[in-house]
Amino acid sequence: MLLVAVTAMAAFWAVAVLSPWHTATAAGTVTAVAIDADIDDSSAGLPNPAPDNTSTVVGAIDTCISVSTGDVFELDIVMIGLPTGEKLAGVNYDIDYDGAVVQLGNDDDADGRFDEDTLVADGDEDGDSVSGEEGPDGGGAIGHDPSFVLSDPTDFSKGNGLDTATWSDFNASFFKLSGFPTGPRDGVLNRVTVRAVGAGVSNLDLRSFYPDLSPNTPPDLLDNFANTYAIGNGGSGDAKIAVDQPCPLPTATPEPTPTPEATPTPEATPTPIPTATSTPSPCPPPANDLVSNASVIPGLPFFDSTDTTCATTSPDDPFCAGPGSHSVWYSFTPGQNRRIEANTFGSDYDTTLSVYTGSPGALTQIACNDQTNGNQSRVFFDATAGQTYFLMIASWLSTPGGDLVLFVDVAPPPLAIDVKIDPIGAVVAKTGEVTVSGTATCNKPAFVDLSGDLQQRAGRVTIQAHFSKFMACTGQTPWVASVAGENGIFKGGWADVSVSAFAFTTWEVARDEASASVQLKGSTPVSRECPRDGNFGFESGLADTNVIPCWTVVDQASSYGSWCNQTGTLPPQGSCAGSFIPVAAPPEGAQAAMTNQAGAGSHVLYRCGVLRSGAISFQLYINNEAVDFFSPPSLDYNTAYNQQFRADLVTAAGMAANPFTVAPADILLNLYQTEPGDPSVSGYSTITSSASAYLRQEVCLRFAEVDNQFFFHAGVDDVKIDLR
């Protein structure tokens with residue numbers, strides 16, 4: 001079995017985007033990752049003929065094995081030491097190897113190429129018909145997500161061209177561990193079939209597969225909080241497979257050869273002493289190389305630039321995201337209590353930044369950061385007047401130093417949120433559906449995950465309901481939630497409402513809670529029938545659903561997403577779940593119709609009838625996250641490069657035959673179509689057209705959106721057309 005076990009320190013991120021449930025992880029946690037082989041071919045006379053590893057138990061591990069040409073065995077990528085409380089979510093890596101000595105992968109399709117992802121075909125190792133798992137316990141203890149597979153037809157056994165040497169790559173792609181298993185634990189992350197094909201010794205080397213990184217960059221494990229852990233050392237020789245020969249012995253350090261006793265020589269005639277040539281002095285470290293010589297920050301704001309190439313590492317330097325190198329020190333003593341921000345933005349090397357109190361030799365860490373704004377760092381801390389704080393800037397692990405840029409200043413106020421509940425709510429007597437509302441006020445733009453509970457006493461029973469919303473918060477932002485009782489029907493009267501709001505930005509979080517007694521007053525139920533205006537303002541219909549009264553929604557087969565009722569400043573979720581990028585609020589009333597999706601698709605929204613007036617208008621919103629538009633004469637999302645919106649007046653017969661038709665005989669009038677070069681984002685704007693030529697004909701107004709490049713949000717509202 002083959003060992004690749006390298007101590008890896010957390011590249012700590014305080015809070016990750018869209019991780020509202022994040023819990024901070026202490027810097028310096030250790031995760032080790034190994035490659036080991038379980039030899040299956042007992043005919044070779046090799047030890048360990050049975051697998052040593054299961055999904056949660058790691059067996060024996062060796063640094064090298066010797067096999068024979070033709071032997072087939074397994075490699076396990078093994079995680080050792082997942083810290084307590086961490087939940088591992090995924091890993092991206094390559095395995096470098098010598099393709100003339102071994103081949104990695106599996107030949108499931110019998111094409112002679114050992115390049116397939118073995119876990120797709122061989123993942124059901126316990127025979128329970130659940131693929132994408134490892135080990136006899138199965139059921140999602142640790143395993144491969146079959147939705148992430150190697151779909152590229154490239155023969156990975158011949159390399160992907162990222163290496164300058166003659167090595168090949170096995171690209172393990174991205175996978176996640178089912179169930180997010182929580183540490184502490186060890187376990188097998190992935191299992192790869194290996195075949196010995198020729199005499200020689202092949203190094204095995206874990207590394208990042210991203211092509212924009214160095215071939216010797218170690219890959220990362222990713223936990224569900226978006227913390228990363230480097231694995232492998234990125235250099236050659238993490239482990240070895242020797243084929244048709246013994247494993248190479250470690251290179252021994254030769255014993256020094258004794259110096260023979262010198263034979264006395266006659267005393268020589270004195271020779272004039274030559275003029276000495278000065279030897280260049282070694283690179284001098286910067287003046288603030290040691291904590292005892294920390295550069296004093298005299299006041300704020302503070303800016304400094306220095307070269308840390310020759311900075312040294314002291315044995316007592318603290319850890320921040322691992323043991324650093326090329327450290328320099330600064331000290332700061334504030335005259336008043338302040339919240340402080342320090343960052344290394346603009347530096348040209350991979351920095352870590354940490355803050356300490358205490359004295360040299362007895363320091364206590366109060367902040368640590370790696371990886372903010374790329375390879376730079378940023379920390380926030382609350383400073384007390386008269387207290388001295390030491391700032392250490394180091395290069396990450398053993399990476400080189402460079403030109404450091406340090407900026408320190410008073411930090412803006414931390415993220416804060418204030419959530420309130422309106423004292424009056426509404427209840428529909430017939431259905432018991434309750435609507436409650438309130439506001440969430442944020443002191444800076446943030447996303448808010450808001451959840452709440454509603455209770456009302458009904459005799460001996462307490463009627464209960466739960467609601468949740470996800471929203472963008474900018475200043476004072478209203479929230480509205482509609483909910484029905486889970487164990488009964490709400491009535492008019494008093495009810496208890498409690499809400500909890502979790503706000504977060506890229507690097508900050510804030511929480512607030514509120515509770516109140518709300519008076520529920522009777523209201524008229526929202527009609528699900530077509531109102532007099534034909535629901536052209538999209539006010540009828542439940543938000544985040546693709547049931548839009550008076551309109552028909554059709555999604556192409558196998559599409560992701562749909563047209564849905566949308567409210568607020570986020571795209572619709574529910575039937576349209578996908579992106580959370582902020583969008584424009586509906587310009588008319590409280591709701592619009594909008595597309596959202598989690599993958600490629602084609603979606604149409606239409607209404608048919610006899611046209612009684614030639615005037616047509618609607619308000620249109622476009623937000624194309626793919627930036628570029630592609631508008632071929634097709635609404636099929638399987639067409640290469642199709643990212644467009646169009647609005648058409650279509651014959652009723654054409655729509656009945658094919659809702660996605662673009663046949664010239666079916667299109668009476670094109671009202672609008674995106675074109676390449678159009679702005680990717682536009683606010684709601686009014687589109688008008690005259691259809692007088694088609695009066696008294698049975699027609700359909702159709703809005704169509706196609707996306708196969710990235711998220712695309714097309715919104716329509718305030719539609720005006722006279723269809724009877």
# chains A, B, ... in the order shown; residues from 1 in each chain; ligands from 1
call {"tool": "residues_around", "arguments": {"residues": "region 344-355 of chain A", "least_positions_apart": "6", "cutoff": "6 Å", "atoms": "only C-alpha atoms", "output": "VMD selection string"}}
result
chain A and resid 365 to 370 375 to 377 390 to 396 402 to 406
call {"tool": "write_last_selection", "arguments": {"atoms": "N, CA and C atoms", "output": "compact mmCIF listing (two decimals), in the first residue's frame"}}
result
# COMPACT_ATOMS: atom_id res chain seq x y z
N GLN A 365 -3.41 34.40 20.33
CA GLN A 365 -3.98 34.77 19.04
C GLN A 365 -5.43 35.20 19.20
N ILE A 366 -5.78 36.35 18.59
CA ILE A 366 -7.17 36.81 18.63
C ILE A 366 -7.78 36.89 17.23
N ALA A 367 -6.96 36.78 16.18
CA ALA A 367 -7.49 36.80 14.81
C ALA A 367 -6.47 36.15 13.89
N CYS A 368 -6.95 35.47 12.87
CA CYS A 368 -6.09 34.81 11.89
C CYS A 368 -6.86 34.67 10.59
N ASN A 369 -6.20 34.95 9.47
CA ASN A 369 -6.85 34.80 8.17
C ASN A 369 -5.84 34.46 7.10
N ASP A 370 -6.28 33.60 6.17
CA ASP A 370 -5.55 33.28 4.95
C ASP A 370 -6.51 33.58 3.80
N ASN A 375 -5.05 35.41 -2.81
CA ASN A 375 -4.04 34.91 -1.88
C ASN A 375 -3.69 35.91 -0.79
N GLN A 376 -4.46 37.00 -0.68
CA GLN A 376 -4.18 37.97 0.37
C GLN A 376 -5.03 37.67 1.61
N SER A 377 -4.90 38.54 2.61
CA SER A 377 -5.52 38.28 3.91
C SER A 377 -6.15 39.54 4.46
N PHE A 390 0.04 42.78 18.46
CA PHE A 390 1.11 42.42 17.53
C PHE A 390 0.49 41.79 16.28
N LEU A 391 0.90 42.28 15.12
CA LEU A 391 0.42 41.75 13.84
C LEU A 391 1.57 40.99 13.17
N MET A 392 1.34 39.73 12.84
CA MET A 392 2.33 38.93 12.12
C MET A 392 1.84 38.68 10.71
N ILE A 393 2.67 39.03 9.73
CA ILE A 393 2.38 38.70 8.33
C ILE A 393 3.43 37.70 7.88
N ALA A 394 2.98 36.54 7.40
CA ALA A 394 3.89 35.48 6.96
C ALA A 394 3.44 34.98 5.60
N SER A 395 4.36 34.32 4.90
CA SER A 395 3.97 33.61 3.68
C SER A 395 3.37 32.27 4.10
N TRP A 396 2.39 31.81 3.33
CA TRP A 396 1.67 30.58 3.69
C TRP A 396 2.59 29.36 3.58
N GLY A 402 7.72 38.12 -0.61
CA GLY A 402 7.62 39.01 -1.76
C GLY A 402 7.39 40.43 -1.31
N ASP A 403 6.74 41.22 -2.14
CA ASP A 403 6.45 42.61 -1.82
C ASP A 403 5.16 42.68 -1.01
N LEU A 404 5.31 43.00 0.27
CA LEU A 404 4.17 43.09 1.18
C LEU A 404 3.57 44.49 1.12
N VAL A 405 2.25 44.55 1.04
CA VAL A 405 1.51 45.80 1.18
C VAL A 405 0.57 45.61 2.37
N LEU A 406 0.76 46.42 3.41
CA LEU A 406 -0.06 46.32 4.62
C LEU A 406 -0.83 47.61 4.82
call {"tool": "closest_atom_pairs", "arguments": {"of": "region 572-633 of chain A", "to": "region 691-695 of chain A", "cutoff": "8 Å", "atoms": "only C-alpha atoms", "output": "Markdown table"}}
result
| residue | atom | partner | partner_atom | distance |
| --- | --- | --- | --- | --- |
| A:Val610 | CA | A:Leu695 | CA | 7.7 |
| A:Leu611 | CA | A:Leu695 | CA | 5.2 |
| A:Arg612 | CA | A:Leu695 | CA | 5.7 |
| A:Ser613 | CA | A:Leu695 | CA | 6.4 |
| A:Gly614 | CA | A:Ser692 | CA | 4.0 |
| A:Ala615 | CA | A:Ala691 | CA | 6.4 |
| A:Ile616 | CA | A:Ala691 | CA | 7.1 |
call {"tool": "write_last_selection", "arguments": {"atoms": "N, CA and C atoms", "output": "PDB file, in the first residue's frame"}}
result
ATOM      1  N   VAL A 610     -59.091  35.785 -28.715  1.00  0.00           N
ATOM      2  CA  VAL A 610     -59.377  36.572 -29.917  1.00  0.00           C
ATOM      3  C   VAL A 610     -58.924  38.001 -29.664  1.00  0.00           C
ATOM      4  N   LEU A 611     -58.073  38.516 -30.536  1.00  0.00           N
ATOM      5  CA  LEU A 611     -57.503  39.845 -30.371  1.00  0.00           C
ATOM      6  C   LEU A 611     -58.557  40.903 -30.712  1.00  0.00           C
ATOM      7  N   ARG A 612     -58.874  41.785 -29.736  1.00  0.00           N
ATOM      8  CA  ARG A 612     -59.909  42.791 -29.938  1.00  0.00           C
ATOM      9  C   ARG A 612     -59.344  44.199 -30.073  1.00  0.00           C
ATOM     10  N   SER A 613     -58.055  44.395 -29.780  1.00  0.00           N
ATOM     11  CA  SER A 613     -57.428  45.707 -29.919  1.00  0.00           C
ATOM     12  C   SER A 613     -56.004  45.504 -30.421  1.00  0.00           C
ATOM     13  N   GLY A 614     -55.517  46.426 -31.236  1.00  0.00           N
ATOM     14  CA  GLY A 614     -54.190  46.268 -31.806  1.00  0.00           C
ATOM     15  C   GLY A 614     -53.068  46.701 -30.887  1.00  0.00           C
ATOM     16  N   ALA A 615     -53.361  47.377 -29.789  1.00  0.00           N
ATOM     17  CA  ALA A 615     -52.324  47.883 -28.891  1.00  0.00           C
ATOM     18  C   ALA A 615     -51.836  46.777 -27.952  1.00  0.00           C
ATOM     19  N   ILE A 616     -50.538  46.558 -27.921  1.00  0.00           N
ATOM     20  CA  ILE A 616     -49.924  45.566 -27.034  1.00  0.00           C
ATOM     21  C   ILE A 616     -48.749  46.253 -26.337  1.00  0.00           C
TER      22      ILE A 616
END
call {"tool": "select_by_dssp", "arguments": {"residues": "region 609-642 of chain A", "states": "strand (DSSP E)", "output": "tab-separated table (two decimals) with N, CA, C and O atoms, in the first residue's frame"}}
result
chain	number	residue	atom	x	y	z
A	609	GLY	N	-56.36	33.92	-27.14
A	609	GLY	CA	-57.71	34.45	-27.24
A	609	GLY	C	-57.89	35.20	-28.54
A	609	GLY	O	-56.98	35.27	-29.37
A	610	VAL	N	-59.09	35.78	-28.71
A	610	VAL	CA	-59.38	36.57	-29.92
A	610	VAL	C	-58.92	38.00	-29.66
A	610	VAL	O	-59.32	38.63	-28.68
A	615	ALA	N	-53.36	47.38	-29.79
A	615	ALA	CA	-52.32	47.88	-28.89
A	615	ALA	C	-51.84	46.78	-27.95
A	615	ALA	O	-52.64	46.13	-27.27
A	616	ILE	N	-50.54	46.56	-27.92
A	616	ILE	CA	-49.92	45.57	-27.03
A	616	ILE	C	-48.75	46.25	-26.34
A	616	ILE	O	-47.95	46.95	-26.97
A	617	SER	N	-48.64	46.04	-25.02
A	617	SER	CA	-47.47	46.56	-24.30
A	617	SER	C	-47.20	45.66	-23.09
A	617	SER	O	-48.09	44.97	-22.60
A	618	PHE	N	-45.98	45.69	-22.64
A	618	PHE	CA	-45.59	44.97	-21.42
A	618	PHE	C	-44.27	45.57	-20.92
A	618	PHE	O	-43.53	46.23	-21.68
A	619	GLN	N	-43.99	45.35	-19.65
A	619	GLN	CA	-42.72	45.77	-19.09
A	619	GLN	C	-41.80	44.56	-19.02
A	619	GLN	O	-42.20	43.49	-18.54
A	620	LEU	N	-40.55	44.73	-19.47
A	620	LEU	CA	-39.61	43.62	-19.61
A	620	LEU	C	-38.35	43.89	-18.80
A	620	LEU	O	-37.79	44.99	-18.84
A	621	TYR	N	-37.89	42.86	-18.07
A	621	TYR	CA	-36.63	42.91	-17.32
A	621	TYR	C	-35.72	41.80	-17.82
A	621	TYR	O	-36.16	40.67	-18.05
A	622	ILE	N	-34.44	42.12	-18.00
A	622	ILE	CA	-33.45	41.14	-18.48
A	622	ILE	C	-32.27	41.12	-17.52
A	622	ILE	O	-31.72	42.18	-17.18
A	623	ASN	N	-31.87	39.93	-17.08
A	623	ASN	CA	-30.65	39.76	-16.29
A	623	ASN	C	-30.01	38.45	-16.73
A	623	ASN	O	-30.39	37.37	-16.30
A	624	ASN	N	-29.05	38.56	-17.64
A	624	ASN	CA	-28.37	37.41	-18.22
A	624	ASN	C	-27.03	37.23	-17.53
A	624	ASN	O	-26.06	37.93	-17.84
call {"tool": "residues_around", "arguments": {"residues": "Tyr356 (chain A)", "least_positions_apart": "6", "cutoff": "12 Å", "atoms": "only C-alpha atoms", "output": "list in words"}}
result
Val291, Asp317, Pro318, Phe319, Cys320, Trp329, Tyr330, Ser331, Phe332, Thr333, Ala362, Leu363, Thr364, Gln365, Ile366, Ala367, Cys368, Val379, Phe381, Asp382, Ala383, Gln387, Thr388, Tyr389, Phe390, Leu391, Met392 and Ile393 of chain A
call {"tool": "write_last_selection", "arguments": {"atoms": "N, CA, C and O atoms", "output": "mmCIF file, in the first residue's frame"}}
result
data_model
loop_
_atom_site.group_PDB
_atom_site.id
_atom_site.type_symbol
_atom_site.label_atom_id
_atom_site.label_comp_id
_atom_site.auth_asym_id
_atom_site.auth_seq_id
_atom_site.Cartn_x
_atom_site.Cartn_y
_atom_site.Cartn_z
ATOM 1 N N VAL A 291 9.572 39.531 16.368
ATOM 2 C CA VAL A 291 8.498 40.177 17.118
ATOM 3 C C VAL A 291 9.068 41.187 18.109
ATOM 4 O O VAL A 291 8.438 42.211 18.417
ATOM 5 N N ASP A 317 7.544 31.407 16.173
ATOM 6 C CA ASP A 317 6.467 32.064 15.428
ATOM 7 C C ASP A 317 5.171 31.277 15.586
ATOM 8 O O ASP A 317 5.160 30.049 15.400
ATOM 9 N N PRO A 318 4.064 31.934 15.909
ATOM 10 C CA PRO A 318 2.790 31.208 16.050
ATOM 11 C C PRO A 318 2.301 30.679 14.696
ATOM 12 O O PRO A 318 2.766 31.102 13.639
ATOM 13 N N PHE A 319 1.340 29.757 14.759
ATOM 14 C CA PHE A 319 0.710 29.215 13.560
ATOM 15 C C PHE A 319 -0.478 30.090 13.177
ATOM 16 O O PHE A 319 -1.255 30.527 14.031
ATOM 17 N N CYS A 320 -0.639 30.316 11.888
ATOM 18 C CA CYS A 320 -1.869 30.888 11.338
ATOM 19 C C CYS A 320 -2.089 30.207 10.000
ATOM 20 O O CYS A 320 -1.320 30.432 9.058
ATOM 21 N N TRP A 329 6.784 41.607 11.570
ATOM 22 C CA TRP A 329 5.922 41.953 12.694
ATOM 23 C C TRP A 329 5.665 43.463 12.768
ATOM 24 O O TRP A 329 6.534 44.272 12.424
ATOM 25 N N TYR A 330 4.470 43.806 13.246
ATOM 26 C CA TYR A 330 4.087 45.183 13.519
ATOM 27 C C TYR A 330 3.386 45.209 14.877
ATOM 28 O O TYR A 330 2.807 44.192 15.324
ATOM 29 N N SER A 331 3.409 46.365 15.542
ATOM 30 C CA SER A 331 2.691 46.511 16.810
ATOM 31 C C SER A 331 1.847 47.781 16.764
ATOM 32 O O SER A 331 2.195 48.758 16.100
ATOM 33 N N PHE A 332 0.738 47.738 17.486
ATOM 34 C CA PHE A 332 -0.198 48.865 17.493
ATOM 35 C C PHE A 332 -0.840 48.969 18.866
ATOM 36 O O PHE A 332 -1.342 47.974 19.402
ATOM 37 N N THR A 333 -0.808 50.188 19.444
ATOM 38 C CA THR A 333 -1.445 50.450 20.730
ATOM 39 C C THR A 333 -2.438 51.585 20.539
ATOM 40 O O THR A 333 -2.038 52.757 20.417
ATOM 41 N N ALA A 362 4.975 34.795 24.767
ATOM 42 C CA ALA A 362 3.729 34.446 25.473
ATOM 43 C C ALA A 362 2.568 35.162 24.789
ATOM 44 O O ALA A 362 1.871 35.976 25.396
ATOM 45 N N LEU A 363 2.370 34.852 23.517
ATOM 46 C CA LEU A 363 1.351 35.524 22.717
ATOM 47 C C LEU A 363 0.053 34.728 22.694
ATOM 48 O O LEU A 363 0.070 33.490 22.702
ATOM 49 N N THR A 364 -1.071 35.445 22.626
ATOM 50 C CA THR A 364 -2.395 34.827 22.505
ATOM 51 C C THR A 364 -3.031 35.321 21.215
ATOM 52 O O THR A 364 -3.180 36.531 21.013
ATOM 53 N N GLN A 365 -3.412 34.396 20.332
ATOM 54 C CA GLN A 365 -3.978 34.766 19.037
ATOM 55 C C GLN A 365 -5.432 35.199 19.200
ATOM 56 O O GLN A 365 -6.232 34.520 19.838
ATOM 57 N N ILE A 366 -5.777 36.347 18.591
ATOM 58 C CA ILE A 366 -7.170 36.813 18.625
ATOM 59 C C ILE A 366 -7.776 36.895 17.229
ATOM 60 O O ILE A 366 -8.984 37.065 17.091
ATOM 61 N N ALA A 367 -6.961 36.785 16.178
ATOM 62 C CA ALA A 367 -7.486 36.800 14.809
ATOM 63 C C ALA A 367 -6.467 36.147 13.895
ATOM 64 O O ALA A 367 -5.251 36.249 14.124
ATOM 65 N N CYS A 368 -6.952 35.473 12.868
ATOM 66 C CA CYS A 368 -6.087 34.809 11.892
ATOM 67 C C CYS A 368 -6.859 34.671 10.593
ATOM 68 O O CYS A 368 -8.041 34.327 10.598
ATOM 69 N N VAL A 379 -8.181 40.814 8.388
ATOM 70 C CA VAL A 379 -8.726 40.493 9.707
ATOM 71 C C VAL A 379 -9.449 41.718 10.259
ATOM 72 O O VAL A 379 -9.146 42.863 9.899
ATOM 73 N N PHE A 381 -10.680 43.084 14.230
ATOM 74 C CA PHE A 381 -10.619 42.792 15.664
ATOM 75 C C PHE A 381 -10.995 44.044 16.440
ATOM 76 O O PHE A 381 -10.829 45.173 15.961
ATOM 77 N N ASP A 382 -11.533 43.835 17.641
ATOM 78 C CA ASP A 382 -11.922 44.928 18.525
ATOM 79 C C ASP A 382 -10.751 45.240 19.446
ATOM 80 O O ASP A 382 -10.329 44.392 20.250
ATOM 81 N N ALA A 383 -10.203 46.427 19.314
ATOM 82 C CA ALA A 383 -9.016 46.829 20.061
ATOM 83 C C ALA A 383 -9.411 47.676 21.270
ATOM 84 O O ALA A 383 -10.283 48.545 21.183
ATOM 85 N N GLN A 387 -4.026 48.739 25.106
ATOM 86 C CA GLN A 387 -3.572 47.355 24.910
ATOM 87 C C GLN A 387 -2.702 47.294 23.650
ATOM 88 O O GLN A 387 -3.081 47.821 22.604
ATOM 89 N N THR A 388 -1.533 46.650 23.736
ATOM 90 C CA THR A 388 -0.661 46.498 22.570
ATOM 91 C C THR A 388 -1.030 45.230 21.803
ATOM 92 O O THR A 388 -1.192 44.154 22.404
ATOM 93 N N TYR A 389 -1.162 45.384 20.511
ATOM 94 C CA TYR A 389 -1.499 44.267 19.625
ATOM 95 C C TYR A 389 -0.342 44.046 18.647
ATOM 96 O O TYR A 389 0.210 45.009 18.094
ATOM 97 N N PHE A 390 0.042 42.783 18.456
ATOM 98 C CA PHE A 390 1.105 42.418 17.531
ATOM 99 C C PHE A 390 0.488 41.792 16.281
ATOM 100 O O PHE A 390 -0.353 40.891 16.375
ATOM 101 N N LEU A 391 0.904 42.280 15.122
ATOM 102 C CA LEU A 391 0.421 41.751 13.838
ATOM 103 C C LEU A 391 1.569 40.993 13.171
ATOM 104 O O LEU A 391 2.667 41.554 12.993
ATOM 105 N N MET A 392 1.340 39.731 12.842
ATOM 106 C CA MET A 392 2.331 38.929 12.119
ATOM 107 C C MET A 392 1.838 38.675 10.709
ATOM 108 O O MET A 392 0.722 38.188 10.514
ATOM 109 N N ILE A 393 2.668 39.025 9.728
ATOM 110 C CA ILE A 393 2.379 38.699 8.335
ATOM 111 C C ILE A 393 3.429 37.700 7.884
ATOM 112 O O ILE A 393 4.635 37.963 7.999
#
call {"tool": "residues_around", "arguments": {"residues": "Cys564 (chain A)", "least_positions_apart": "5", "cutoff": "6 Å", "atoms": "only C-alpha atoms", "output": "list in words"}}
result
Asp544, Thr545, Asn546, Ala593 and Met594 of chain A
call {"tool": "closest_residue", "arguments": {"among": "A:Asp409, A:Ile463, A:Ser305, A:Val650", "to": "Gln697 (chain A)", "atoms": "only C-alpha atoms"}}
result
A:Val650
call {"tool": "closest_residue", "arguments": {"among": "A:Val194, A:Cys283, A:Leu290, A:Val243", "to": "Cys310 (chain A)", "atoms": "only C-alpha atoms"}}
result
A:Cys283
call {"tool": "atom_distance", "arguments": {"atom1": "CA of Asp307 (chain A)", "atom2": "CA of Gly335 (chain A)"}}
result
29.3 Å
call {"tool": "select_by_dssp", "arguments": {"residues": "region 648-704 of chain A", "states": "helix (DSSP H, G or I)", "output": "PyMOL selection string"}}
result
chain A and resi 652-657+692-694
call {"tool": "write_last_selection", "arguments": {"atoms": "N, CA, C and O atoms", "output": "short mmCIF file (atom, residue, chain, number, x, y, z; two decimals), in the first residue's frame"}}
result
data_model
loop_
_atom_site.label_atom_id
_atom_site.label_comp_id
_atom_site.auth_asym_id
_atom_site.auth_seq_id
_atom_site.Cartn_x
_atom_site.Cartn_y
_atom_site.Cartn_z
N ALA A 652 -52.84 30.72 -32.95
CA ALA A 652 -53.32 29.76 -31.96
C ALA A 652 -53.09 28.33 -32.43
O ALA A 652 -52.75 27.45 -31.63
N ALA A 653 -53.26 28.09 -33.74
CA ALA A 653 -53.05 26.73 -34.26
C ALA A 653 -51.58 26.32 -34.12
O ALA A 653 -51.27 25.16 -33.78
N GLY A 654 -50.68 27.26 -34.39
CA GLY A 654 -49.26 26.96 -34.25
C GLY A 654 -48.88 26.63 -32.82
O GLY A 654 -48.12 25.70 -32.55
N MET A 655 -49.41 27.39 -31.87
CA MET A 655 -49.11 27.13 -30.46
C MET A 655 -49.68 25.80 -30.02
O MET A 655 -49.07 25.07 -29.23
N ALA A 656 -50.88 25.47 -30.50
CA ALA A 656 -51.49 24.19 -30.13
C ALA A 656 -50.65 23.03 -30.63
O ALA A 656 -50.55 21.99 -29.97
N ALA A 657 -50.04 23.20 -31.80
CA ALA A 657 -49.22 22.12 -32.36
C ALA A 657 -47.86 22.03 -31.70
O ALA A 657 -47.33 20.94 -31.47
N SER A 692 -52.61 45.61 -35.14
CA SER A 692 -53.92 45.89 -35.75
C SER A 692 -54.20 44.98 -36.93
O SER A 692 -55.38 44.70 -37.24
N ALA A 693 -53.17 44.49 -37.60
CA ALA A 693 -53.38 43.64 -38.77
C ALA A 693 -53.99 42.30 -38.40
O ALA A 693 -54.44 41.55 -39.29
N TYR A 694 -54.02 41.97 -37.10
CA TYR A 694 -54.48 40.63 -36.70
C TYR A 694 -55.73 40.71 -35.82
O TYR A 694 -56.03 39.76 -35.08
#
call {"tool": "closest_residue", "arguments": {"among": "A:Cys608, A:Cys247, A:Leu649, A:Cys442", "to": "Trp551 (chain A)", "atoms": "only C-alpha atoms"}}
result
A:Cys608
call {"tool": "residues_around", "arguments": {"residues": "region 677-685 of chain A", "least_positions_apart": "4", "cutoff": "10 Å", "atoms": "only C-alpha atoms", "output": "list in words"}}
result
Val583, Ala584, Ala585, Pro586, Pro587, Phe618, Gln619, Leu620, Tyr621, Ile622, Asn623, Asn624, Glu625, Ala626, Val627, Asp628, Phe629, Phe630, Phe712, His713, Ala714, Gly715, Val716 and Asp717 of chain A
call {"tool": "atom_distance", "arguments": {"atom1": "CA of Pro478 (chain A)", "atom2": "CA of Ala440 (chain A)"}}
result
6.3 Å
call {"tool": "residues_around", "arguments": {"residues": "Ala342 (chain A)", "least_positions_apart": "6", "cutoff": "6 Å", "atoms": "only C-alpha atoms", "output": "count of residues only"}}
result
4
call {"tool": "atom_distance", "arguments": {"atom1": "CA of Arg338 (chain A)", "atom2": "CA of Pro414 (chain A)"}}
result
11.7 Å
